[in-house]
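Take a look at the structure set out below.
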Amino acid sequence: MTRMTKKRVAVLISGRGSNMTALIEAARAPDFPAEIVLVVSNRPQAAGLSRAHDAGIATALVDHTAFGEDRQAFEQALDAELVAHRIEIVCLAGFMRLLSPWFVSRWSGRMLNIHPALLPQFKGLHTHRRALEAGVTRHGATVHFVVPQMDSGPIVVQESVPVIADDTEETLAARVLEVEHRIYPQALRLVAEGRQAEK
Ligand code: GRF
């Protein structure tokens, strides 16, 4: 039997890292086509950093505040970490920095993001609150390839959940988060196996 070569993946986070954890756990399966080899945070206090460390994954901090207004220097430092770890696929998971066209084109077709809404609905922040305000009956989550426009780009996996009469932002967010944790590993599997390429 030939040994499967797993794609080397970095997860970029800014906060608690529950999607990161879902990816790390899924990637432990012997037949998973990707391995999480690096977690990078732009915030020193991101809870996900210690979770990644506890899981035995290499971590890096590229603190955007250290670069002042110089977005390019920040992104070059980020890119250097990814290159140093021979990263092949980047997963943004609650990474709260907008990335420039330069960085996005460097990783074009090799960078995914998860967004807590049924794109193209509710791009941007506070998606659950906005879904409730809009009175939609279905909400959900989307994994997509990253393009220069925020929360756009070809969709890899999308799954919906019902919006229930008594939902609050918190109950709806929790229902969507369960979906996020399921579809991000599915999407990474598809992309790592080359079964879903950016069109
Ligand atoms: C998730 O809802 C993700 O979709 C959004 O930010 C949140 C990050 O949560 N982009 P976590 O850090 O993965 O727990």
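Just so we're on the same page: first chain in the structure tokens is A, next is B, and so on; residues restart at 1 for each chain, and ligands are numbered from 1 in the order they show up.
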Within 7 Å of ligand 1, counting only C-alpha atoms and all ligand atoms, which protein or nucleic acid residues do you find, written as a ChimeraX atom specification?
/A:13-20,93-95,114-116,177,180
Helix (DSSP H, G or I) per DSSP on the backbone: members of chain A, as a VMD selection string:
chain A and resid 18 to 26 47 to 54 64 to 67 71 to 84 101 to 106 127 to 134 169 to 192
List as an mmCIF file with C-alpha atoms, in the first residue's frame the protein and nucleic acid residues near A:Gln121, meaning an atom at most 9 Å away when only C-alpha atoms are counted, but skip any in the same chain fewer than 3 places from it.
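Result went into result25.cif, see below:
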```cif
data_model
loop_
_atom_site.group_PDB
_atom_site.id
_atom_site.type_symbol
_atom_site.label_atom_id
_atom_site.label_comp_id
_atom_site.auth_asym_id
_atom_site.auth_seq_id
_atom_site.Cartn_x
_atom_site.Cartn_y
_atom_site.Cartn_z
ATOM 1 C CA ALA A 117 -23.849 32.632 7.384
ATOM 2 C CA LEU A 118 -25.227 31.311 4.133
ATOM 3 C CA THR A 127 -24.297 37.618 11.190
ATOM 4 C CA ALA A 131 -30.213 37.060 10.401
ATOM 5 C CA HIS A 139 -29.294 30.496 8.431
#
```
Name the residues in contact with A:Cys91 at a cut-off of 10 Å, using only C-alpha atoms, excluding same-chain residues fewer than 5 positions from it; report them as number ranges by chain.
A: 9-13, 19-20, 23, 36, 39, 110-114, 143-146, 184, 188
With N, CA, C and O atoms kept, could you save the residues just selected as a PDB file, in the first residue's frame?
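The resulting part18.pdb:
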```
ATOM      1  N   VAL A   9      -1.023  21.852   6.426  1.00  0.00           N
ATOM      2  CA  VAL A   9      -2.017  22.921   6.611  1.00  0.00           C
ATOM      3  C   VAL A   9      -1.650  23.819   7.789  1.00  0.00           C
ATOM      4  O   VAL A   9      -1.227  23.335   8.848  1.00  0.00           O
ATOM      5  N   ALA A  10      -1.848  25.127   7.602  1.00  0.00           N
ATOM      6  CA  ALA A  10      -1.764  26.093   8.715  1.00  0.00           C
ATOM      7  C   ALA A  10      -3.159  26.639   8.978  1.00  0.00           C
ATOM      8  O   ALA A  10      -3.916  26.904   8.041  1.00  0.00           O
ATOM      9  N   VAL A  11      -3.483  26.787  10.250  1.00  0.00           N
ATOM     10  CA  VAL A  11      -4.749  27.415  10.631  1.00  0.00           C
ATOM     11  C   VAL A  11      -4.430  28.780  11.228  1.00  0.00           C
ATOM     12  O   VAL A  11      -3.582  28.894  12.127  1.00  0.00           O
ATOM     13  N   LEU A  12      -5.081  29.816  10.718  1.00  0.00           N
ATOM     14  CA  LEU A  12      -4.863  31.190  11.207  1.00  0.00           C
ATOM     15  C   LEU A  12      -6.045  31.587  12.084  1.00  0.00           C
ATOM     16  O   LEU A  12      -7.203  31.498  11.646  1.00  0.00           O
ATOM     17  N   ILE A  13      -5.743  32.021  13.294  1.00  0.00           N
ATOM     18  CA  ILE A  13      -6.789  32.340  14.264  1.00  0.00           C
ATOM     19  C   ILE A  13      -6.548  33.723  14.882  1.00  0.00           C
ATOM     20  O   ILE A  13      -5.441  34.273  14.797  1.00  0.00           O
ATOM     21  N   ASN A  19     -13.062  26.252  15.752  1.00  0.00           N
ATOM     22  CA  ASN A  19     -12.953  25.646  14.413  1.00  0.00           C
ATOM     23  C   ASN A  19     -11.571  25.032  14.206  1.00  0.00           C
ATOM     24  O   ASN A  19     -11.436  23.980  13.589  1.00  0.00           O
ATOM     25  N   MET A  20     -10.564  25.706  14.705  1.00  0.00           N
ATOM     26  CA  MET A  20      -9.200  25.151  14.662  1.00  0.00           C
ATOM     27  C   MET A  20      -9.168  23.782  15.329  1.00  0.00           C
ATOM     28  O   MET A  20      -8.607  22.826  14.790  1.00  0.00           O
ATOM     29  N   LEU A  23     -10.700  21.133  13.252  1.00  0.00           N
ATOM     30  CA  LEU A  23      -9.800  20.715  12.161  1.00  0.00           C
ATOM     31  C   LEU A  23      -8.693  19.802  12.692  1.00  0.00           C
ATOM     32  O   LEU A  23      -8.361  18.787  12.084  1.00  0.00           O
ATOM     33  N   ILE A  36      -2.583  19.230  10.291  1.00  0.00           N
ATOM     34  CA  ILE A  36      -2.427  20.603  10.773  1.00  0.00           C
ATOM     35  C   ILE A  36      -1.032  20.678  11.388  1.00  0.00           C
ATOM     36  O   ILE A  36      -0.768  20.070  12.426  1.00  0.00           O
ATOM     37  N   VAL A  39      -0.294  26.516  13.749  1.00  0.00           N
ATOM     38  CA  VAL A  39      -1.376  27.451  14.072  1.00  0.00           C
ATOM     39  C   VAL A  39      -0.739  28.817  14.277  1.00  0.00           C
ATOM     40  O   VAL A  39       0.233  28.941  15.040  1.00  0.00           O
ATOM     41  N   ARG A 110      -5.560  28.147  -2.530  1.00  0.00           N
ATOM     42  CA  ARG A 110      -4.983  27.321  -1.448  1.00  0.00           C
ATOM     43  C   ARG A 110      -5.359  27.886  -0.078  1.00  0.00           C
ATOM     44  O   ARG A 110      -4.762  27.506   0.924  1.00  0.00           O
ATOM     45  N   MET A 111      -6.318  28.807  -0.053  1.00  0.00           N
ATOM     46  CA  MET A 111      -6.703  29.420   1.222  1.00  0.00           C
ATOM     47  C   MET A 111      -8.222  29.405   1.369  1.00  0.00           C
ATOM     48  O   MET A 111      -8.954  29.862   0.489  1.00  0.00           O
ATOM     49  N   LEU A 112      -8.664  28.863   2.518  1.00  0.00           N
ATOM     50  CA  LEU A 112     -10.096  28.735   2.814  1.00  0.00           C
ATOM     51  C   LEU A 112     -10.464  29.619   3.990  1.00  0.00           C
ATOM     52  O   LEU A 112      -9.632  29.912   4.846  1.00  0.00           O
ATOM     53  N   ASN A 113     -11.750  29.981   4.040  1.00  0.00           N
ATOM     54  CA  ASN A 113     -12.277  30.723   5.190  1.00  0.00           C
ATOM     55  C   ASN A 113     -13.618  30.112   5.575  1.00  0.00           C
ATOM     56  O   ASN A 113     -14.315  29.564   4.726  1.00  0.00           O
ATOM     57  N   ILE A 114     -13.965  30.223   6.849  1.00  0.00           N
ATOM     58  CA  ILE A 114     -15.310  29.836   7.267  1.00  0.00           C
ATOM     59  C   ILE A 114     -16.060  31.073   7.713  1.00  0.00           C
ATOM     60  O   ILE A 114     -15.519  31.921   8.426  1.00  0.00           O
ATOM     61  N   VAL A 143     -18.046  27.436   3.936  1.00  0.00           N
ATOM     62  CA  VAL A 143     -16.588  27.419   3.743  1.00  0.00           C
ATOM     63  C   VAL A 143     -16.333  27.774   2.283  1.00  0.00           C
ATOM     64  O   VAL A 143     -16.953  27.191   1.388  1.00  0.00           O
ATOM     65  N   HIS A 144     -15.451  28.747   2.071  1.00  0.00           N
ATOM     66  CA  HIS A 144     -15.218  29.216   0.711  1.00  0.00           C
ATOM     67  C   HIS A 144     -13.730  29.514   0.497  1.00  0.00           C
ATOM     68  O   HIS A 144     -12.986  29.756   1.458  1.00  0.00           O
ATOM     69  N   PHE A 145     -13.318  29.498  -0.771  1.00  0.00           N
ATOM     70  CA  PHE A 145     -11.970  29.964  -1.110  1.00  0.00           C
ATOM     71  C   PHE A 145     -11.905  31.472  -0.881  1.00  0.00           C
ATOM     72  O   PHE A 145     -12.895  32.182  -1.092  1.00  0.00           O
ATOM     73  N   VAL A 146     -10.749  31.934  -0.444  1.00  0.00           N
ATOM     74  CA  VAL A 146     -10.586  33.363  -0.164  1.00  0.00           C
ATOM     75  C   VAL A 146     -10.181  34.087  -1.443  1.00  0.00           C
ATOM     76  O   VAL A 146      -9.271  33.657  -2.159  1.00  0.00           O
ATOM     77  N   TYR A 184     -16.175  22.418   8.164  1.00  0.00           N
ATOM     78  CA  TYR A 184     -14.808  22.862   7.842  1.00  0.00           C
ATOM     79  C   TYR A 184     -13.909  21.648   7.543  1.00  0.00           C
ATOM     80  O   TYR A 184     -13.216  21.633   6.524  1.00  0.00           O
ATOM     81  N   LEU A 188     -12.059  20.946   3.966  1.00  0.00           N
ATOM     82  CA  LEU A 188     -10.602  20.767   3.884  1.00  0.00           C
ATOM     83  C   LEU A 188     -10.276  19.430   3.225  1.00  0.00           C
ATOM     84  O   LEU A 188      -9.353  19.334   2.415  1.00  0.00           O
TER      85      LEU A 188
END
```
Spatial neighbours of A:Val157, max dist 6 Å, only C-alpha atoms, sep filter under 2 positions, as a list in words
Thr142, Val143, Ile155 and Ala187 of chain A
Kindly export the residues of the current selection with N, CA and C atoms, as a short mmCIF file (atom, residue, chain, number, x, y, z; two decimals), in the first residue's frame.
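The result, written out as result-v7.cif:
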```cif
data_model
loop_
_atom_site.label_atom_id
_atom_site.label_comp_id
_atom_site.auth_asym_id
_atom_site.auth_seq_id
_atom_site.Cartn_x
_atom_site.Cartn_y
_atom_site.Cartn_z
N THR A 142 -20.72 28.69 5.85
CA THR A 142 -20.14 28.49 4.52
C THR A 142 -18.62 28.40 4.63
N VAL A 143 -18.05 27.44 3.94
CA VAL A 143 -16.59 27.42 3.74
C VAL A 143 -16.33 27.77 2.28
N ILE A 155 -17.67 28.81 -3.27
CA ILE A 155 -18.11 28.06 -2.09
C ILE A 155 -17.68 26.60 -2.21
N ALA A 187 -14.79 20.35 4.08
CA ALA A 187 -14.28 21.20 3.01
C ALA A 187 -12.77 21.01 2.84
#
```
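When the distance limit is 8 Å and only C-alpha atoms are what count, the residues near stretch 164-176 of chain A, minus those fewer than 4 positions from it on the same chain, are Pro116, His128, Arg129, Leu132, Thr137, His139, Gly140, Ala141, Ser160 and Glu180 of chain A.
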May I have the residues within 8 Å of A:Met150 as a CSV table (one decimal) with C-alpha atoms, in the first residue's frame, using only C-alpha atoms and disregarding those fewer than 4 positions away in the same chain?
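New file selection23.csv:
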```
chain,number,residue,atom,x,y,z
A,98,LEU,CA,-8.5,41.6,6.3
A,123,LYS,CA,-21.2,39.1,4.8
A,124,GLY,CA,-19.2,40.8,7.6
A,146,VAL,CA,-10.6,33.4,-0.2
```
Shortest contact to A:Arg86, candidates A:Leu125, A:Asp70, A:His53, A:Arg8, atoms counted only C-alpha atoms, goes to A:Arg8
For the structure I just gave you, how does DSSP split stretch 11-178 of chain A - specifically, which residues are strand (DSSP E)? Reply as a PDB file with N, CA, C and O atoms, in the first residue's frame.
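Final file, states_30.pdb:
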```
ATOM      1  N   VAL A  11      -3.483  26.787  10.250  1.00  0.00           N
ATOM      2  CA  VAL A  11      -4.749  27.415  10.631  1.00  0.00           C
ATOM      3  C   VAL A  11      -4.430  28.780  11.228  1.00  0.00           C
ATOM      4  O   VAL A  11      -3.582  28.894  12.127  1.00  0.00           O
ATOM      5  N   LEU A  12      -5.081  29.816  10.718  1.00  0.00           N
ATOM      6  CA  LEU A  12      -4.863  31.190  11.207  1.00  0.00           C
ATOM      7  C   LEU A  12      -6.045  31.587  12.084  1.00  0.00           C
ATOM      8  O   LEU A  12      -7.203  31.498  11.646  1.00  0.00           O
ATOM      9  N   ILE A  13      -5.743  32.021  13.294  1.00  0.00           N
ATOM     10  CA  ILE A  13      -6.789  32.340  14.264  1.00  0.00           C
ATOM     11  C   ILE A  13      -6.548  33.723  14.882  1.00  0.00           C
ATOM     12  O   ILE A  13      -5.441  34.273  14.797  1.00  0.00           O
ATOM     13  N   ALA A  34      -5.017  15.623   5.096  1.00  0.00           N
ATOM     14  CA  ALA A  34      -4.256  16.822   5.467  1.00  0.00           C
ATOM     15  C   ALA A  34      -3.845  16.716   6.916  1.00  0.00           C
ATOM     16  O   ALA A  34      -4.509  16.047   7.715  1.00  0.00           O
ATOM     17  N   GLU A  35      -2.730  17.387   7.274  1.00  0.00           N
ATOM     18  CA  GLU A  35      -2.329  17.457   8.682  1.00  0.00           C
ATOM     19  C   GLU A  35      -2.164  18.919   9.066  1.00  0.00           C
ATOM     20  O   GLU A  35      -1.683  19.738   8.280  1.00  0.00           O
ATOM     21  N   ILE A  36      -2.583  19.230  10.291  1.00  0.00           N
ATOM     22  CA  ILE A  36      -2.427  20.603  10.773  1.00  0.00           C
ATOM     23  C   ILE A  36      -1.032  20.678  11.388  1.00  0.00           C
ATOM     24  O   ILE A  36      -0.768  20.070  12.426  1.00  0.00           O
ATOM     25  N   VAL A  37      -0.143  21.406  10.727  1.00  0.00           N
ATOM     26  CA  VAL A  37       1.234  21.457  11.206  1.00  0.00           C
ATOM     27  C   VAL A  37       1.565  22.772  11.892  1.00  0.00           C
ATOM     28  O   VAL A  37       2.599  22.900  12.543  1.00  0.00           O
ATOM     29  N   LEU A  38       0.681  23.765  11.747  1.00  0.00           N
ATOM     30  CA  LEU A  38       0.989  25.084  12.308  1.00  0.00           C
ATOM     31  C   LEU A  38      -0.303  25.836  12.608  1.00  0.00           C
ATOM     32  O   LEU A  38      -1.253  25.786  11.829  1.00  0.00           O
ATOM     33  N   VAL A  39      -0.294  26.516  13.749  1.00  0.00           N
ATOM     34  CA  VAL A  39      -1.376  27.451  14.072  1.00  0.00           C
ATOM     35  C   VAL A  39      -0.739  28.817  14.277  1.00  0.00           C
ATOM     36  O   VAL A  39       0.233  28.941  15.040  1.00  0.00           O
ATOM     37  N   VAL A  40      -1.246  29.815  13.565  1.00  0.00           N
ATOM     38  CA  VAL A  40      -0.709  31.170  13.690  1.00  0.00           C
ATOM     39  C   VAL A  40      -1.809  32.089  14.211  1.00  0.00           C
ATOM     40  O   VAL A  40      -2.937  32.047  13.717  1.00  0.00           O
ATOM     41  N   SER A  41      -1.456  32.901  15.184  1.00  0.00           N
ATOM     42  CA  SER A  41      -2.395  33.906  15.688  1.00  0.00           C
ATOM     43  C   SER A  41      -1.808  35.295  15.483  1.00  0.00           C
ATOM     44  O   SER A  41      -0.595  35.473  15.564  1.00  0.00           O
ATOM     45  N   ALA A  58       2.697  23.010  16.377  1.00  0.00           N
ATOM     46  CA  ALA A  58       3.569  24.192  16.405  1.00  0.00           C
ATOM     47  C   ALA A  58       2.721  25.454  16.320  1.00  0.00           C
ATOM     48  O   ALA A  58       1.741  25.491  15.564  1.00  0.00           O
ATOM     49  N   THR A  59       3.089  26.449  17.098  1.00  0.00           N
ATOM     50  CA  THR A  59       2.334  27.708  17.064  1.00  0.00           C
ATOM     51  C   THR A  59       3.270  28.870  16.761  1.00  0.00           C
ATOM     52  O   THR A  59       4.472  28.808  17.049  1.00  0.00           O
ATOM     53  N   ALA A  60       2.694  29.915  16.185  1.00  0.00           N
ATOM     54  CA  ALA A  60       3.462  31.126  15.926  1.00  0.00           C
ATOM     55  C   ALA A  60       2.564  32.320  16.195  1.00  0.00           C
ATOM     56  O   ALA A  60       1.353  32.254  15.965  1.00  0.00           O
ATOM     57  N   LEU A  61       3.175  33.364  16.693  1.00  0.00           N
ATOM     58  CA  LEU A  61       2.460  34.612  16.917  1.00  0.00           C
ATOM     59  C   LEU A  61       3.028  35.648  15.956  1.00  0.00           C
ATOM     60  O   LEU A  61       4.237  35.897  15.962  1.00  0.00           O
ATOM     61  N   ILE A  89      -1.763  24.505   2.355  1.00  0.00           N
ATOM     62  CA  ILE A  89      -3.143  25.014   2.418  1.00  0.00           C
ATOM     63  C   ILE A  89      -3.279  25.840   3.697  1.00  0.00           C
ATOM     64  O   ILE A  89      -2.808  25.429   4.762  1.00  0.00           O
ATOM     65  N   VAL A  90      -3.925  26.999   3.575  1.00  0.00           N
ATOM     66  CA  VAL A  90      -4.166  27.870   4.732  1.00  0.00           C
ATOM     67  C   VAL A  90      -5.663  27.874   5.036  1.00  0.00           C
ATOM     68  O   VAL A  90      -6.483  28.055   4.136  1.00  0.00           O
ATOM     69  N   CYS A  91      -6.007  27.668   6.305  1.00  0.00           N
ATOM     70  CA  CYS A  91      -7.409  27.749   6.740  1.00  0.00           C
ATOM     71  C   CYS A  91      -7.565  28.931   7.691  1.00  0.00           C
ATOM     72  O   CYS A  91      -6.970  28.935   8.777  1.00  0.00           O
ATOM     73  N   LEU A  92      -8.347  29.909   7.294  1.00  0.00           N
ATOM     74  CA  LEU A  92      -8.679  31.016   8.190  1.00  0.00           C
ATOM     75  C   LEU A  92      -9.828  30.551   9.078  1.00  0.00           C
ATOM     76  O   LEU A  92     -10.842  30.067   8.583  1.00  0.00           O
ATOM     77  N   MET A 111      -6.318  28.807  -0.053  1.00  0.00           N
ATOM     78  CA  MET A 111      -6.703  29.420   1.222  1.00  0.00           C
ATOM     79  C   MET A 111      -8.222  29.405   1.369  1.00  0.00           C
ATOM     80  O   MET A 111      -8.954  29.862   0.489  1.00  0.00           O
ATOM     81  N   LEU A 112      -8.664  28.863   2.518  1.00  0.00           N
ATOM     82  CA  LEU A 112     -10.096  28.735   2.814  1.00  0.00           C
ATOM     83  C   LEU A 112     -10.464  29.619   3.990  1.00  0.00           C
ATOM     84  O   LEU A 112      -9.632  29.912   4.846  1.00  0.00           O
ATOM     85  N   ASN A 113     -11.750  29.981   4.040  1.00  0.00           N
ATOM     86  CA  ASN A 113     -12.277  30.723   5.190  1.00  0.00           C
ATOM     87  C   ASN A 113     -13.618  30.112   5.575  1.00  0.00           C
ATOM     88  O   ASN A 113     -14.315  29.564   4.726  1.00  0.00           O
ATOM     89  N   ILE A 114     -13.965  30.223   6.849  1.00  0.00           N
ATOM     90  CA  ILE A 114     -15.310  29.836   7.267  1.00  0.00           C
ATOM     91  C   ILE A 114     -16.060  31.073   7.713  1.00  0.00           C
ATOM     92  O   ILE A 114     -15.519  31.921   8.426  1.00  0.00           O
ATOM     93  N   HIS A 115     -17.307  31.162   7.258  1.00  0.00           N
ATOM     94  CA  HIS A 115     -18.124  32.333   7.584  1.00  0.00           C
ATOM     95  C   HIS A 115     -19.455  31.850   8.160  1.00  0.00           C
ATOM     96  O   HIS A 115     -20.090  30.961   7.580  1.00  0.00           O
ATOM     97  N   ARG A 138     -33.990  30.320   7.467  1.00  0.00           N
ATOM     98  CA  ARG A 138     -32.808  29.449   7.495  1.00  0.00           C
ATOM     99  C   ARG A 138     -31.557  30.309   7.542  1.00  0.00           C
ATOM    100  O   ARG A 138     -31.493  31.386   6.926  1.00  0.00           O
ATOM    101  N   HIS A 139     -30.577  29.807   8.286  1.00  0.00           N
ATOM    102  CA  HIS A 139     -29.294  30.496   8.431  1.00  0.00           C
ATOM    103  C   HIS A 139     -28.262  29.377   8.300  1.00  0.00           C
ATOM    104  O   HIS A 139     -28.637  28.226   8.021  1.00  0.00           O
ATOM    105  N   GLY A 140     -26.981  29.645   8.500  1.00  0.00           N
ATOM    106  CA  GLY A 140     -26.044  28.538   8.359  1.00  0.00           C
ATOM    107  C   GLY A 140     -24.612  28.989   8.307  1.00  0.00           C
ATOM    108  O   GLY A 140     -24.266  30.052   8.829  1.00  0.00           O
ATOM    109  N   ALA A 141     -23.790  28.178   7.654  1.00  0.00           N
ATOM    110  CA  ALA A 141     -22.357  28.460   7.588  1.00  0.00           C
ATOM    111  C   ALA A 141     -21.821  28.047   6.226  1.00  0.00           C
ATOM    112  O   ALA A 141     -22.389  27.173   5.563  1.00  0.00           O
ATOM    113  N   THR A 142     -20.720  28.694   5.853  1.00  0.00           N
ATOM    114  CA  THR A 142     -20.142  28.494   4.524  1.00  0.00           C
ATOM    115  C   THR A 142     -18.625  28.404   4.627  1.00  0.00           C
ATOM    116  O   THR A 142     -18.005  29.232   5.295  1.00  0.00           O
ATOM    117  N   VAL A 143     -18.046  27.436   3.936  1.00  0.00           N
ATOM    118  CA  VAL A 143     -16.588  27.419   3.743  1.00  0.00           C
ATOM    119  C   VAL A 143     -16.333  27.774   2.283  1.00  0.00           C
ATOM    120  O   VAL A 143     -16.953  27.191   1.388  1.00  0.00           O
ATOM    121  N   HIS A 144     -15.451  28.747   2.071  1.00  0.00           N
ATOM    122  CA  HIS A 144     -15.218  29.216   0.711  1.00  0.00           C
ATOM    123  C   HIS A 144     -13.730  29.514   0.497  1.00  0.00           C
ATOM    124  O   HIS A 144     -12.986  29.756   1.458  1.00  0.00           O
ATOM    125  N   PHE A 145     -13.318  29.498  -0.771  1.00  0.00           N
ATOM    126  CA  PHE A 145     -11.970  29.964  -1.110  1.00  0.00           C
ATOM    127  C   PHE A 145     -11.905  31.472  -0.881  1.00  0.00           C
ATOM    128  O   PHE A 145     -12.895  32.182  -1.092  1.00  0.00           O
ATOM    129  N   ILE A 155     -17.666  28.806  -3.275  1.00  0.00           N
ATOM    130  CA  ILE A 155     -18.105  28.061  -2.090  1.00  0.00           C
ATOM    131  C   ILE A 155     -17.679  26.604  -2.213  1.00  0.00           C
ATOM    132  O   ILE A 155     -17.842  25.979  -3.261  1.00  0.00           O
ATOM    133  N   VAL A 156     -17.131  26.068  -1.127  1.00  0.00           N
ATOM    134  CA  VAL A 156     -16.722  24.651  -1.109  1.00  0.00           C
ATOM    135  C   VAL A 156     -17.807  23.815  -0.439  1.00  0.00           C
ATOM    136  O   VAL A 156     -18.245  22.809  -0.990  1.00  0.00           O
ATOM    137  N   VAL A 157     -18.249  24.211   0.733  1.00  0.00           N
ATOM    138  CA  VAL A 157     -19.339  23.516   1.429  1.00  0.00           C
ATOM    139  C   VAL A 157     -20.186  24.564   2.150  1.00  0.00           C
ATOM    140  O   VAL A 157     -19.650  25.524   2.716  1.00  0.00           O
ATOM    141  N   GLN A 158     -21.482  24.340   2.110  1.00  0.00           N
ATOM    142  CA  GLN A 158     -22.410  25.238   2.819  1.00  0.00           C
ATOM    143  C   GLN A 158     -23.510  24.367   3.414  1.00  0.00           C
ATOM    144  O   GLN A 158     -23.935  23.412   2.782  1.00  0.00           O
ATOM    145  N   GLU A 159     -23.899  24.681   4.645  1.00  0.00           N
ATOM    146  CA  GLU A 159     -24.979  23.900   5.257  1.00  0.00           C
ATOM    147  C   GLU A 159     -25.878  24.844   6.043  1.00  0.00           C
ATOM    148  O   GLU A 159     -25.403  25.769   6.694  1.00  0.00           O
ATOM    149  N   SER A 160     -27.178  24.578   5.980  1.00  0.00           N
ATOM    150  CA  SER A 160     -28.108  25.480   6.652  1.00  0.00           C
ATOM    151  C   SER A 160     -28.675  24.862   7.919  1.00  0.00           C
ATOM    152  O   SER A 160     -28.640  23.642   8.102  1.00  0.00           O
ATOM    153  N   VAL A 161     -29.189  25.733   8.788  1.00  0.00           N
ATOM    154  CA  VAL A 161     -29.902  25.303  10.002  1.00  0.00           C
ATOM    155  C   VAL A 161     -31.216  26.098  10.035  1.00  0.00           C
ATOM    156  O   VAL A 161     -31.288  27.190   9.468  1.00  0.00           O
ATOM    157  N   PRO A 162     -32.232  25.579  10.718  1.00  0.00           N
ATOM    158  CA  PRO A 162     -33.457  26.367  10.842  1.00  0.00           C
ATOM    159  C   PRO A 162     -33.269  27.499  11.849  1.00  0.00           C
ATOM    160  O   PRO A 162     -32.473  27.370  12.784  1.00  0.00           O
TER     161      PRO A 162
END
```
Using only C-alpha atoms: which of A:Asp31, A:Asp63, A:Glu25, A:Asp151 has the shortest distance to A:Arg43
A:Asp63
Quote the spacing between atom CA of A:Ala134 and atom CA of A:Pro148 in Å to one decimal place.
26.7 Å
Which of these, A:Leu49, A:Val163, A:Pro154, A:Thr21, has the shortest distance to A:Ala197 once you count only C-alpha atoms?
A:Pro154
Could you jot down the atom CA of A:Gln186 to atom CA of A:Val104 separation for me, Å, one decimal place?
22.2 Å
State, in Å with one decimal place, the distance from atom CA of A:Val179 to atom CA of A:Leu78.
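Interatomic distance, atom CA of A:Val179 to atom CA of A:Leu78: 28.6 Å.
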